>>> print(open('start.cif').read())   # mmCIF, C-alpha atoms
data_protein
#
loop_
_atom_site.group_PDB
_atom_site.id
_atom_site.type_symbol
_atom_site.label_atom_id
_atom_site.label_comp_id
_atom_site.auth_asym_id
_atom_site.auth_seq_id
_atom_site.Cartn_x
_atom_site.Cartn_y
_atom_site.Cartn_z
ATOM 1 C CA MET A 74 0.000 0.000 0.000
ATOM 2 C CA ILE A 75 1.529 3.295 -1.096
ATOM 3 C CA ASP A 76 1.466 6.026 1.533
ATOM 4 C CA ARG A 77 -0.635 8.922 0.259
ATOM 5 C CA SER A 78 -0.750 10.835 3.544
ATOM 6 C CA VAL A 79 -1.064 14.588 3.233
ATOM 7 C CA THR A 80 1.835 16.361 4.945
ATOM 8 C CA THR A 81 1.531 19.657 3.074
ATOM 9 C CA VAL A 82 1.478 22.817 5.192
ATOM 10 C CA ILE A 83 0.726 26.308 3.831
ATOM 11 C CA ASP A 84 1.750 29.541 5.526
ATOM 12 C CA LYS A 85 -1.287 31.769 5.003
ATOM 13 C CA GLU A 86 0.678 34.896 5.854
ATOM 14 C CA ARG A 87 3.147 34.330 3.041
ATOM 15 C CA CYS A 88 0.709 32.942 0.452
ATOM 16 C CA ILE A 89 -0.290 35.469 -2.221
ATOM 17 C CA GLY A 90 -2.943 33.280 -3.836
ATOM 18 C CA CYS A 91 -1.191 33.076 -7.220
ATOM 19 C CA GLY A 92 -2.465 29.516 -7.812
ATOM 20 C CA LEU A 93 0.813 28.172 -9.210
ATOM 21 C CA CYS A 94 0.796 25.376 -6.626
ATOM 22 C CA VAL A 95 -2.705 24.315 -7.707
ATOM 23 C CA LYS A 96 -1.637 24.183 -11.352
ATOM 24 C CA VAL A 97 1.239 21.751 -10.746
ATOM 25 C CA CYS A 98 -0.402 19.490 -8.127
ATOM 26 C CA PRO A 99 -1.060 16.053 -9.695
ATOM 27 C CA LEU A 100 -3.634 14.911 -7.113
ATOM 28 C CA ASP A 101 -5.587 18.147 -6.538
ATOM 29 C CA THR A 102 -4.337 18.221 -2.969
ATOM 30 C CA ILE A 103 -4.421 22.025 -2.977
ATOM 31 C CA SER A 104 -7.075 24.477 -4.097
ATOM 32 C CA ILE A 105 -7.685 28.220 -3.761
ATOM 33 C CA GLN A 106 -10.046 29.088 -0.935
ATOM 34 C CA ASP A 107 -10.904 32.719 -0.143
ATOM 35 C CA GLY A 108 -8.004 33.952 -2.249
ATOM 36 C CA LYS A 109 -5.388 31.743 -0.570
ATOM 37 C CA ALA A 110 -3.989 28.274 -1.225
ATOM 38 C CA ALA A 111 -5.468 25.649 1.061
ATOM 39 C CA VAL A 112 -4.957 21.935 1.600
ATOM 40 C CA THR A 113 -8.334 20.472 0.646
ATOM 41 C CA GLY A 114 -7.489 17.044 -0.811
ATOM 42 C CA LYS A 115 -7.276 13.815 1.140
ATOM 43 C CA GLU A 116 -4.295 12.358 -0.720
ATOM 44 C CA SER A 117 -0.858 13.593 -1.728
ATOM 45 C CA LEU A 118 1.990 12.249 -3.843
ATOM 46 C CA SER A 119 4.460 14.162 -1.647
ATOM 47 C CA CYS A 120 6.174 15.204 -4.874
ATOM 48 C CA SER A 121 6.853 18.743 -3.552
ATOM 49 C CA HIS A 122 5.894 20.285 -6.906
ATOM 50 C CA CYS A 123 3.794 22.795 -4.986
ATOM 51 C CA ALA A 124 6.686 23.851 -2.743
ATOM 52 C CA ALA A 125 9.031 24.198 -5.710
ATOM 53 C CA ALA A 126 6.481 26.276 -7.648
ATOM 54 C CA CYS A 127 5.665 28.685 -4.816
ATOM 55 C CA PRO A 128 7.407 32.039 -5.428
ATOM 56 C CA GLU A 129 7.001 33.046 -1.769
ATOM 57 C CA GLY A 130 8.257 29.879 -0.097
ATOM 58 C CA ALA A 131 4.898 29.493 1.640
ATOM 59 C CA ILE A 132 4.565 25.716 1.240
ATOM 60 C CA THR A 133 6.269 22.899 3.093
ATOM 61 C CA VAL A 134 5.759 19.206 2.369
ATOM 62 C CA ASN A 135 6.915 17.603 5.599
ATOM 63 C CA ALA A 136 7.332 14.149 4.054
ATOM 64 C CA THR A 137 10.150 15.472 1.857
ATOM 65 C CA SER A 138 11.398 18.454 3.854
ATOM 66 C CA GLY A 139 14.338 16.652 5.487
ATOM 67 C CA LYS A 140 17.671 17.775 4.066
ATOM 68 C CA ALA A 141 19.744 14.696 4.950
ATOM 69 C CA MET A 142 19.007 12.727 1.777
ATOM 70 C CA LEU A 143 19.863 15.676 -0.476
ATOM 71 C CA SER A 144 22.829 17.039 1.452
ATOM 72 C CA TYR A 145 26.059 16.027 -0.259
ATOM 73 C CA SER A 146 29.444 15.481 1.387
ATOM 74 C CA THR A 147 31.815 15.465 -1.577
ATOM 75 C CA PHE A 148 30.554 18.444 -3.598
ATOM 76 C CA LYS A 149 28.505 21.607 -3.180
ATOM 77 C CA GLU A 150 25.140 21.525 -4.905
ATOM 78 C CA ASP A 151 23.813 24.528 -6.802
ATOM 79 C CA GLN A 152 20.233 24.593 -5.526
ATOM 80 C CA LYS A 153 18.944 27.109 -8.029
ATOM 81 C CA TRP A 154 16.315 25.555 -10.298
ATOM 82 C CA LEU A 155 17.524 25.059 -13.853
ATOM 83 C CA LYS A 156 14.751 26.167 -16.170
ATOM 84 C CA HIS A 157 13.810 24.257 -19.312
ATOM 85 C CA GLY A 158 16.394 24.737 -22.031
ATOM 86 C CA ASP A 159 18.894 26.434 -19.704
ATOM 87 C CA PHE A 160 21.654 23.843 -20.097
ATOM 88 C CA ASP A 161 24.231 22.950 -22.727
ATOM 89 C CA THR A 162 22.787 19.894 -24.479
ATOM 90 C CA SER A 163 26.098 19.145 -26.182
ATOM 91 C CA GLN A 164 27.811 18.803 -22.793
ATOM 92 C CA LEU A 165 25.009 16.577 -21.489
ATOM 93 C CA VAL A 166 25.413 14.269 -24.484
ATOM 94 C CA ARG A 167 29.188 14.383 -24.053
ATOM 95 C CA LEU A 168 28.820 13.109 -20.475
ATOM 96 C CA MET A 169 26.450 10.359 -21.579
ATOM 97 C CA ARG A 170 28.691 9.202 -24.424
ATOM 98 C CA SER A 171 31.908 9.472 -22.416
ATOM 99 C CA ARG A 172 30.661 7.177 -19.664
ATOM 100 C CA ARG A 173 31.783 3.632 -20.563
ATOM 101 C CA SER A 174 31.524 0.284 -18.788
ATOM 102 C CA CYS A 175 34.784 0.028 -16.852
ATOM 103 C CA ARG A 176 36.437 -3.389 -16.558
ATOM 104 C CA ASN A 177 39.814 -2.325 -15.172
ATOM 105 C CA TYR A 178 40.092 -0.808 -11.698
ATOM 106 C CA ARG A 179 42.844 0.368 -9.415
ATOM 107 C CA GLU A 180 43.058 -1.078 -5.913
ATOM 108 C CA THR A 181 42.441 2.309 -4.289
ATOM 109 C CA PRO A 182 39.194 2.170 -2.262
ATOM 110 C CA VAL A 183 36.320 4.584 -2.849
ATOM 111 C CA ASP A 184 35.470 6.916 0.020
ATOM 112 C CA ARG A 185 32.170 6.003 1.686
ATOM 113 C CA ASN A 186 30.972 9.599 1.422
ATOM 114 C CA MET A 187 31.255 9.342 -2.371
ATOM 115 C CA LEU A 188 29.223 6.139 -2.382
ATOM 116 C CA GLU A 189 26.514 7.718 -0.234
ATOM 117 C CA ASP A 190 26.476 10.804 -2.451
ATOM 118 C CA LEU A 191 25.970 8.533 -5.461
ATOM 119 C CA VAL A 192 22.882 7.054 -3.794
ATOM 120 C CA LYS A 193 21.591 10.568 -3.167
ATOM 121 C CA ILE A 194 22.199 11.383 -6.829
ATOM 122 C CA GLY A 195 20.296 8.207 -7.689
ATOM 123 C CA ILE A 196 17.158 9.221 -5.790
ATOM 124 C CA THR A 197 16.823 12.467 -7.730
ATOM 125 C CA ALA A 198 15.367 10.263 -10.492
ATOM 126 C CA PRO A 199 11.613 10.180 -11.117
ATOM 127 C CA SER A 200 9.556 7.263 -9.828
ATOM 128 C CA GLY A 201 6.089 5.977 -10.678
ATOM 129 C CA THR A 202 3.435 7.942 -8.723
ATOM 130 C CA ASN A 203 6.398 9.213 -6.678
ATOM 131 C CA SER A 204 6.450 5.974 -4.698
ATOM 132 C CA GLN A 205 10.252 6.110 -4.282
ATOM 133 C CA GLY A 206 10.313 2.489 -3.174
ATOM 134 C CA TRP A 207 13.896 1.916 -4.249
ATOM 135 C CA THR A 208 16.571 0.478 -1.966
ATOM 136 C CA PHE A 209 20.355 0.741 -2.164
ATOM 137 C CA THR A 210 22.787 -1.706 -0.605
ATOM 138 C CA ILE A 211 26.343 -0.371 -0.571
ATOM 139 C CA LEU A 212 29.314 -2.738 -0.686
ATOM 140 C CA PRO A 213 31.996 -0.286 0.429
ATOM 141 C CA ALA A 214 35.160 -2.384 0.164
ATOM 142 C CA ARG A 215 36.764 -5.076 -1.959
ATOM 143 C CA GLY A 216 36.128 -7.728 0.705
ATOM 144 C CA SER A 217 32.364 -7.234 0.438
ATOM 145 C CA VAL A 218 32.505 -7.311 -3.367
ATOM 146 C CA HIS A 219 34.598 -10.498 -3.215
ATOM 147 C CA PHE A 220 32.037 -12.075 -0.862
ATOM 148 C CA LEU A 221 29.167 -11.311 -3.243
ATOM 149 C CA ALA A 222 31.219 -12.609 -6.191
ATOM 150 C CA ASN A 223 31.666 -15.916 -4.357
ATOM 151 C CA GLN A 224 27.908 -16.166 -3.765
ATOM 152 C CA VAL A 225 27.183 -15.488 -7.441
ATOM 153 C CA ALA A 226 29.874 -17.975 -8.515
ATOM 154 C CA ARG A 227 28.275 -20.664 -6.351
ATOM 155 C CA TYR A 228 24.925 -20.090 -8.029
ATOM 156 C CA PHE A 229 26.343 -20.321 -11.554
ATOM 157 C CA LYS A 230 28.372 -23.404 -10.685
ATOM 158 C CA GLU A 231 25.141 -25.108 -9.664
ATOM 159 C CA LEU A 232 23.403 -23.833 -12.796
ATOM 160 C CA ASN A 233 26.216 -25.124 -15.011
ATOM 161 C CA ASN A 234 25.956 -28.527 -13.361
ATOM 162 C CA MET A 235 22.278 -28.604 -14.306
ATOM 163 C CA ALA A 236 22.895 -27.325 -17.834
ATOM 164 C CA GLU A 237 25.421 -30.100 -18.511
ATOM 165 C CA LYS A 238 22.675 -32.703 -18.260
ATOM 166 C CA SER A 239 21.301 -33.073 -21.779
ATOM 167 C CA HIS A 240 18.319 -35.145 -20.632
ATOM 168 C CA LEU A 241 17.304 -32.382 -18.212
ATOM 169 C CA ARG A 242 17.546 -29.724 -20.926
ATOM 170 C CA LEU A 243 15.469 -31.893 -23.262
ATOM 171 C CA PHE A 244 12.840 -32.604 -20.612
ATOM 172 C CA MET A 245 12.483 -28.905 -19.794
ATOM 173 C CA LYS A 246 12.187 -28.017 -23.499
ATOM 174 C CA LEU A 247 9.447 -30.616 -23.963
ATOM 175 C CA THR A 248 7.549 -29.132 -21.022
ATOM 176 C CA GLY A 249 7.733 -25.652 -22.538
ATOM 177 C CA ASN A 250 10.683 -24.282 -20.556
ATOM 178 C CA LYS A 251 13.498 -23.487 -22.976
ATOM 179 C CA GLU A 252 15.440 -21.276 -20.578
ATOM 180 C CA LEU A 253 18.028 -23.865 -19.516
ATOM 181 C CA ASP A 254 18.721 -24.895 -23.120
ATOM 182 C CA PHE A 255 19.116 -21.240 -24.131
ATOM 183 C CA TYR A 256 21.546 -20.710 -21.271
ATOM 184 C CA TYR A 257 23.557 -23.769 -22.274
ATOM 185 C CA LYS A 258 23.886 -22.640 -25.887
ATOM 186 C CA ASN A 259 24.694 -18.997 -25.136
ATOM 187 C CA TYR A 260 26.410 -18.770 -21.752
ATOM 188 C CA TYR A 261 27.508 -22.148 -20.421
ATOM 189 C CA GLU A 262 31.037 -22.227 -21.923
ATOM 190 C CA ARG A 263 31.777 -18.606 -21.059
ATOM 191 C CA VAL A 264 30.593 -19.059 -17.480
ATOM 192 C CA LYS A 265 32.543 -22.305 -17.137
ATOM 193 C CA GLU A 266 35.739 -20.544 -18.193
ATOM 194 C CA THR A 267 35.050 -17.623 -15.872
ATOM 195 C CA LEU A 268 34.433 -19.930 -12.903
ATOM 196 C CA SER A 269 37.587 -21.872 -13.631
ATOM 197 C CA GLU A 270 39.691 -18.711 -13.663
ATOM 198 C CA TRP A 271 38.049 -17.476 -10.470
ATOM 199 C CA GLU A 272 38.825 -20.710 -8.635
ATOM 200 C CA ASP A 273 42.284 -21.364 -10.091
ATOM 201 C CA THR A 274 43.849 -17.912 -10.332
ATOM 202 C CA GLY A 275 41.450 -15.538 -8.589
ATOM 203 C CA ARG A 276 40.888 -13.546 -11.765
ATOM 204 C CA ASP A 277 37.685 -11.588 -11.347
ATOM 205 C CA ARG A 278 35.776 -11.482 -14.625
ATOM 206 C CA LEU A 279 32.499 -10.778 -12.840
ATOM 207 C CA PHE A 280 33.247 -7.530 -10.964
ATOM 208 C CA HIS A 281 36.535 -6.909 -12.801
ATOM 209 C CA GLY A 282 38.386 -6.099 -9.596
ATOM 210 C CA ALA A 283 36.044 -3.269 -8.574
ATOM 211 C CA THR A 284 36.567 -2.123 -4.996
ATOM 212 C CA SER A 285 32.929 -1.159 -4.355
ATOM 213 C CA ALA A 286 29.429 -1.862 -5.582
ATOM 214 C CA ILE A 287 25.881 -0.612 -5.159
ATOM 215 C CA ILE A 288 22.940 -3.016 -5.376
ATOM 216 C CA VAL A 289 19.732 -1.298 -6.492
ATOM 217 C CA GLY A 290 16.431 -2.881 -5.576
ATOM 218 C CA CYS A 291 12.844 -1.999 -4.800
ATOM 219 C CA LYS A 292 10.460 -2.676 -1.950
ATOM 220 C CA PRO A 293 7.017 -4.189 -2.586
ATOM 221 C CA GLY A 294 4.196 -1.778 -3.361
ATOM 222 C CA SER A 295 5.829 0.443 -5.958
ATOM 223 C CA THR A 296 3.835 1.017 -9.134
ATOM 224 C CA CYS A 297 6.828 0.814 -11.514
ATOM 225 C CA PRO A 298 9.621 -0.866 -9.513
ATOM 226 C CA ALA A 299 11.854 -1.894 -12.412
ATOM 227 C CA GLU A 300 11.632 1.495 -14.106
ATOM 228 C CA ASP A 301 12.225 3.319 -10.823
ATOM 229 C CA ALA A 302 15.325 1.277 -10.001
ATOM 230 C CA LEU A 303 16.826 1.572 -13.473
ATOM 231 C CA LEU A 304 16.243 5.326 -13.703
ATOM 232 C CA ALA A 305 18.049 5.729 -10.385
ATOM 233 C CA THR A 306 20.790 3.434 -11.687
ATOM 234 C CA GLN A 307 21.383 5.630 -14.733
ATOM 235 C CA ASN A 308 21.731 8.644 -12.459
ATOM 236 C CA ILE A 309 24.360 6.788 -10.441
ATOM 237 C CA LEU A 310 26.299 5.762 -13.555
ATOM 238 C CA LEU A 311 26.478 9.331 -14.844
ATOM 239 C CA GLY A 312 27.215 10.720 -11.393
ATOM 240 C CA ALA A 313 30.055 8.242 -10.939
ATOM 241 C CA HIS A 314 31.682 9.321 -14.192
ATOM 242 C CA SER A 315 31.434 12.975 -13.226
ATOM 243 C CA MET A 316 33.179 12.150 -9.924
ATOM 244 C CA GLY A 317 36.033 10.387 -11.687
ATOM 245 C CA LEU A 318 34.855 6.849 -10.940
ATOM 246 C CA GLY A 319 34.448 3.940 -13.313
ATOM 247 C CA SER A 320 31.278 1.854 -13.291
ATOM 248 C CA CYS A 321 29.885 -1.302 -14.833
ATOM 249 C CA LEU A 322 26.480 -2.976 -14.659
ATOM 250 C CA ILE A 323 26.850 -6.616 -13.575
ATOM 251 C CA GLY A 324 23.919 -8.411 -15.193
ATOM 252 C CA PHE A 325 25.045 -11.892 -14.136
ATOM 253 C CA ALA A 326 24.870 -10.819 -10.477
ATOM 254 C CA VAL A 327 21.340 -9.461 -10.973
ATOM 255 C CA SER A 328 20.229 -12.714 -12.583
ATOM 256 C CA ALA A 329 21.693 -14.783 -9.749
ATOM 257 C CA MET A 330 20.153 -12.614 -7.018
ATOM 258 C CA GLN A 331 16.732 -12.700 -8.652
ATOM 259 C CA ARG A 332 16.771 -16.486 -8.868
ATOM 260 C CA ASP A 333 18.517 -17.424 -5.630
ATOM 261 C CA PRO A 334 17.091 -15.689 -2.520
ATOM 262 C CA LYS A 335 19.995 -16.974 -0.442
ATOM 263 C CA ILE A 336 22.335 -14.500 -2.133
ATOM 264 C CA LYS A 337 20.170 -11.545 -1.148
ATOM 265 C CA LEU A 338 19.911 -12.747 2.430
ATOM 266 C CA ALA A 339 23.681 -13.269 2.599
ATOM 267 C CA ALA A 340 24.121 -9.629 1.543
ATOM 268 C CA GLY A 341 21.698 -8.418 4.222
ATOM 269 C CA ILE A 342 18.870 -7.696 1.790
ATOM 270 C CA PRO A 343 15.306 -8.620 2.882
ATOM 271 C CA ALA A 344 13.690 -11.451 0.948
ATOM 272 C CA ASN A 345 10.741 -9.288 -0.179
ATOM 273 C CA GLU A 346 12.957 -6.847 -2.090
ATOM 274 C CA ARG A 347 13.614 -7.466 -5.779
ATOM 275 C CA ILE A 348 17.001 -6.625 -7.263
ATOM 276 C CA TYR A 349 17.180 -4.767 -10.587
ATOM 277 C CA ALA A 350 20.781 -3.581 -10.873
ATOM 278 C CA VAL A 351 24.226 -4.307 -9.474
ATOM 279 C CA ILE A 352 26.750 -1.544 -10.169
ATOM 280 C CA ALA A 353 30.497 -2.192 -9.868
ATOM 281 C CA LEU A 354 32.388 0.957 -8.876
ATOM 282 C CA GLY A 355 35.991 1.985 -8.428
ATOM 283 C CA TRP A 356 38.810 4.216 -9.597
ATOM 284 C CA PRO A 357 39.341 3.366 -13.277
ATOM 285 C CA ASP A 358 42.615 1.982 -14.581
ATOM 286 C CA GLU A 359 41.770 2.766 -18.209
ATOM 287 C CA LYS A 360 41.170 5.766 -20.422
ATOM 288 C CA TYR A 361 39.832 6.495 -23.881
ATOM 289 C CA PHE A 362 40.697 8.956 -26.617
ATOM 290 C CA GLY A 363 37.378 9.046 -28.444
ATOM 291 C CA LEU A 364 33.662 8.393 -28.174
ATOM 292 C CA ALA A 365 32.103 5.049 -29.061
ATOM 293 C CA GLY A 366 29.347 4.668 -31.641
ATOM 294 C CA ARG A 367 25.996 2.925 -31.450
ATOM 295 C CA LYS A 368 24.150 0.418 -33.602
ATOM 296 C CA PRO A 369 21.252 1.830 -35.651
ATOM 297 C CA ALA A 370 18.117 2.102 -33.544
ATOM 298 C CA VAL A 371 14.569 1.256 -34.559
ATOM 299 C CA ILE A 372 12.748 4.576 -34.826
ATOM 300 C CA ARG A 373 9.135 4.804 -35.894
ATOM 301 C CA TYR A 374 6.331 7.327 -35.900
ATOM 302 C CA PHE A 375 2.686 6.716 -35.230
ATOM 303 C CA ASP A 376 1.069 9.863 -36.586
ATOM 304 C CA LYS A 377 -2.699 9.631 -36.459
ATOM 305 C CA ALA A 378 -4.561 12.782 -37.373
#
>>> encode(input="start.cif", output="structure tokens")
Amino acid sequence: MIDRSVTTVIDKERCIGCGLCVKVCPLDTISIQDGKAAVTGKESLSCSHCAAACPEGAITVNATSGKAMLSYSTFKEDQKWLKHGDFDTSQLVRLMRSRRSCRNYRETPVDRNMLEDLVKIGITAPSGTNSQGWTFTILPARGSVHFLANQVARYFKELNNMAEKSHLRLFMKLTGNKELDFYYKNYYERVKETLSEWEDTGRDRLFHGATSAIIVGCKPGSTCPAEDALLATQNILLGAHSMGLGSCLIGFAVSAMQRDPKIKLAAGIPANERIYAVIALGWPDEKYFGLAGRKPAVIRYFDKA
């Protein structure tokens, strides 16, 4: 059940009755009464649109008024609203294209304040009906990353043992489940080689030697949990690059954690949370001299008069 409690408070002395708060409120929580804004609705998204739109600072949304989650330790935020179009699009695209998946990291640890600031950058993302049900589990040091890698390796070792059995793959295909056969044809050999290197030499082809990681999940009850988590993840990826960090999405870890609840529990994550992204982080030991291209995208119009 999503909390829709109304925590909006309006200072009548400061309110000038301009109605801007009413215009931007998505749930009609506020209306104009006797020339002043008034809280008249029974539900609120706690999106703070009203507070941001008020030119007199007359509105407070108590549910989102705490400064701790948007108070950064490693940089000073410019809190002036950036109006539409008031940014250099070429520099935004440059940041997006410059950020690459990093698979070579230095051993230098990442400061915990940077990791927490990345989470705070993550939660500036939009979320469905402003549910903000995302969760972030920080692995602050190489030891924690190594522990998770071992848990994921155990899962894939068990999966490979199953995939090796041709009769089991055939039986599952005949019963309509082609997933194990697909895995065998597309991933089995690669995973087998990766596991062998991990056990024999300690080479980390899963987290690539990253010294930190952030696991992004979502609590039950969110309207768009996957979208919410992945939008926050993109914020973290771009924020990490701007801070000088390398990052890489670890899809194999996500797959393992979604299918084996024991891995989540071992990492201190409640069983009712679903994991949508695992981000490897660290100081990069690689650099580039140009921007990478992209495959042609499918673009279509549906233009109905």
>>> resolve_selection(input="start.cif", expression="the PyMOL selection byres ((chain A and resi 110) around 10)", output="number ranges by chain")
A: 83-85, 88-95, 103-109, 111-113, 131-132
>>> atom_distance(input="start.cif", atom1="atom CA of Ser239 of chain A", atom2="atom CA of Phe255 of chain A")
12.3 Å
>>> atom_distance(input="start.cif", atom1="atom CA of Thr208 of chain A", atom2="atom CA of Pro182 of chain A")
22.7 Å
>>> resolve_selection(input="start.cif", expression="the PyMOL selection byres ((chain A and resi 260-273) around 12)", output="NGL selection string")
:A and (219 or 222-238 or 252-259 or 274-282 or 325)
>>> write_last_selection(input="start.cif", atoms="C-alpha atoms", output="short mmCIF file (atom, residue, chain, number, x, y, z; two decimals), in the frame of the given file")
data_model
loop_
_atom_site.label_atom_id
_atom_site.label_comp_id
_atom_site.auth_asym_id
_atom_site.auth_seq_id
_atom_site.Cartn_x
_atom_site.Cartn_y
_atom_site.Cartn_z
CA HIS A 219 34.60 -10.50 -3.22
CA ALA A 222 31.22 -12.61 -6.19
CA ASN A 223 31.67 -15.92 -4.36
CA GLN A 224 27.91 -16.17 -3.76
CA VAL A 225 27.18 -15.49 -7.44
CA ALA A 226 29.87 -17.98 -8.52
CA ARG A 227 28.28 -20.66 -6.35
CA TYR A 228 24.92 -20.09 -8.03
CA PHE A 229 26.34 -20.32 -11.55
CA LYS A 230 28.37 -23.40 -10.68
CA GLU A 231 25.14 -25.11 -9.66
CA LEU A 232 23.40 -23.83 -12.80
CA ASN A 233 26.22 -25.12 -15.01
CA ASN A 234 25.96 -28.53 -13.36
CA MET A 235 22.28 -28.60 -14.31
CA ALA A 236 22.90 -27.32 -17.83
CA GLU A 237 25.42 -30.10 -18.51
CA LYS A 238 22.68 -32.70 -18.26
CA GLU A 252 15.44 -21.28 -20.58
CA LEU A 253 18.03 -23.86 -19.52
CA ASP A 254 18.72 -24.90 -23.12
CA PHE A 255 19.12 -21.24 -24.13
CA TYR A 256 21.55 -20.71 -21.27
CA TYR A 257 23.56 -23.77 -22.27
CA LYS A 258 23.89 -22.64 -25.89
CA ASN A 259 24.69 -19.00 -25.14
CA THR A 274 43.85 -17.91 -10.33
CA GLY A 275 41.45 -15.54 -8.59
CA ARG A 276 40.89 -13.55 -11.76
CA ASP A 277 37.68 -11.59 -11.35
CA ARG A 278 35.78 -11.48 -14.62
CA LEU A 279 32.50 -10.78 -12.84
CA PHE A 280 33.25 -7.53 -10.96
CA HIS A 281 36.53 -6.91 -12.80
CA GLY A 282 38.39 -6.10 -9.60
CA PHE A 325 25.04 -11.89 -14.14
#
>>> axis_aligned_box(input="start.cif", around="segment 135-144 of chain A", padding_each_side="5 Å", output="JSON")
{"center_x": 14.9, "center_y": 15.6, "center_z": 2.6, "size_x": 25.9, "size_y": 15.7, "size_z": 16.1}
>>> residues_around(input="start.cif", residues="segment 307-309 of chain A", least_positions_apart="2", cutoff="12 Å", atoms="only C-alpha atoms", output="MDAnalysis selection string")
chainID A and resid 168:169 172 187:199 209 286:289 300:305 311:316 318:322 349:354
>>> closest_residue(input="start.cif", among="A:Pro298, A:Pro293, A:Ser119, A:Leu212", to="Val134 of chain A", atoms="all atoms listed in the file")
A:Ser119
>>> atom_distance(input="start.cif", atom1="atom CA of Lys96 of chain A", atom2="atom CA of Leu118 of chain A")
14.6 Å
>>> closest_residue(input="start.cif", among="A:Ala125, A:Cys98, A:Ile348, A:Ile211", to="Asn186 of chain A", atoms="all atoms listed in the file")
A:Ile211
>>> closest_residue(input="start.cif", among="A:Ser144, A:Ser171, A:Thr80, A:Thr102", to="Gly317 of chain A", atoms="only C-alpha atoms")
A:Ser171
>>> closest_residue(input="start.cif", among="A:Pro99, A:Pro357, A:Gly114, A:Gly216", to="Thr81 of chain A", atoms="all atoms listed in the file")
A:Gly114
>>> closest_residue(input="start.cif", among="A:Leu221, A:Ala365, A:Ile342, A:Leu310", to="Gly290 of chain A", atoms="all atoms listed in the file")
A:Ile342
